[in-house]
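Student: Have a look at this one before I ask anything.
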Amino acid sequence: MDLELNNLFGTLTDKLETWIESAVAMLPNLVVAILILLIFYALAKLVKNASRKLLDKVTDNQTIIGLSETILGVSTLAIGTFIALSVLQLNDAVTSLLAGAGIIGLALGFAFQDIAANFISGILLSVRHPFGIGDIIETNGYFGTVIKLNLRNTMIRTFQGQVIYVPNKVVYENPFTNYTRNGERRIDLSCGVSYGDDLEKVKNVAVKSLSELGIRDKSRDVELFFNEFGDSSINFTVRFWVDFRKQTDFLSAQSDAIIKLKSAFDENDIMIPFPIRTLDFGIRGGEKLDTMISNRNNGNN
């Protein structure tokens, strides 16, 4: 029994001596490994600061800036860790870590491919910057103001007050319209006049009245084009441009144009026919029957 204890004690002592000798032998490498980690830790901070300054010039999206500098910082620190493990002659550990990271990355890629697609699309939207916060856009049937762009969704507030979350992948892969990028927008106002009206007069009156709109872009002329013979009217489209920063710029100009056009037509005795079937007893379409009879009676008298 005593012999067995002595043998066990001797074995433990030999092991401890071997470990101590190995630790002493590795002490210089350990110091070097710690220094490498400290150097790469400081380098990671420098990389993060430099990347923030660079990305501030490229995009205003703080989410993408924060994420990018974090990824760069962690990547730099990870490189330092692998180098330190190599100095400690732990190459097998480095190989195992790299293999495990690859397998985990592959599995996560299959499991979260939609999330990854939205993530990458969010980065591309932030870098290319086709629209910004406050821009009015229309995408995938949704029309409103962009209130936030994160790495998963583009948040749009409609003009009715609802907040829509559109996946970045859908926004990036499909056409969309940015209404505020150019700072101007054209208003196309459709209308119709009676067949009995003088079309040259209609054009002159309409163009003159809308040219007096204060909200109109004075550097562009008002344009009017007759485009079809309708059931009860000759239809035309009048076009003009306005400065556009918000939706009310468009709506106000459109409303003022309708009021101005209707008032000008009334003052110049130009008829806008009702969209109904009527019986016309005079040459001039849309003329009221009692007015026509009264005019004929006065002529007979």
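Letters A, B, ... mark the chains of the structure tokens in the order given; residue numbers begin at 1 per chain; ligand numbers begin at 1, in order shown.
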Got a sec: who's within 8 Å of stretch 220-230 of chain A, counting only C-alpha atoms, leaving out chain neighbours fewer than 3 positions off, as a PyMOL selection string?
Tutor: chain A and resi 203+206-207+210-211+217+233-241
Student: Applying 9 Å and only C-alpha atoms, which residues near A:Leu151 remain after dropping the ones on its own chain fewer than 5 positions away? List them as a list in words.
Tutor: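 Skipping anything fewer than 5 positions along the chain leaves Thr63, Ile64, Asn118, Phe119, Ile120, Ser121, Gly122, Ile123, Ser126 and Asn168 of chain A.
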Student: Run DSSP on the backbone of this structure and report the residues of stretch 162-274 of chain A it assigns to strand (DSSP E), as a PyMOL selection string.
Tutor: chain A and resi 163-167+176-178+184-193+223-229+234-243
Student: Which residue is closest to A:Ala42? Choose from A:Gly73, A:Asp269, A:Arg185, A:Ser232 and count only C-alpha atoms.
Tutor: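 Result for the nearest residue to A:Ala42: A:Gly73.
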Student: With only C-alpha atoms as the basis for distance, which of A:Glu212, A:Asp243, A:Glu173, A:Glu69 is at the shortest distance from A:Lys260?
Tutor: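 Of A:Glu212, A:Asp243, A:Glu173, A:Glu69, the one nearest A:Lys260, counting only C-alpha atoms, is A:Glu212.
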Student: Calculate how many Å separate atom CA of A:Ser194 from atom CA of A:Ser263, rounding to one decimal.
Tutor: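 These two atoms are separated by 16.0 Å.
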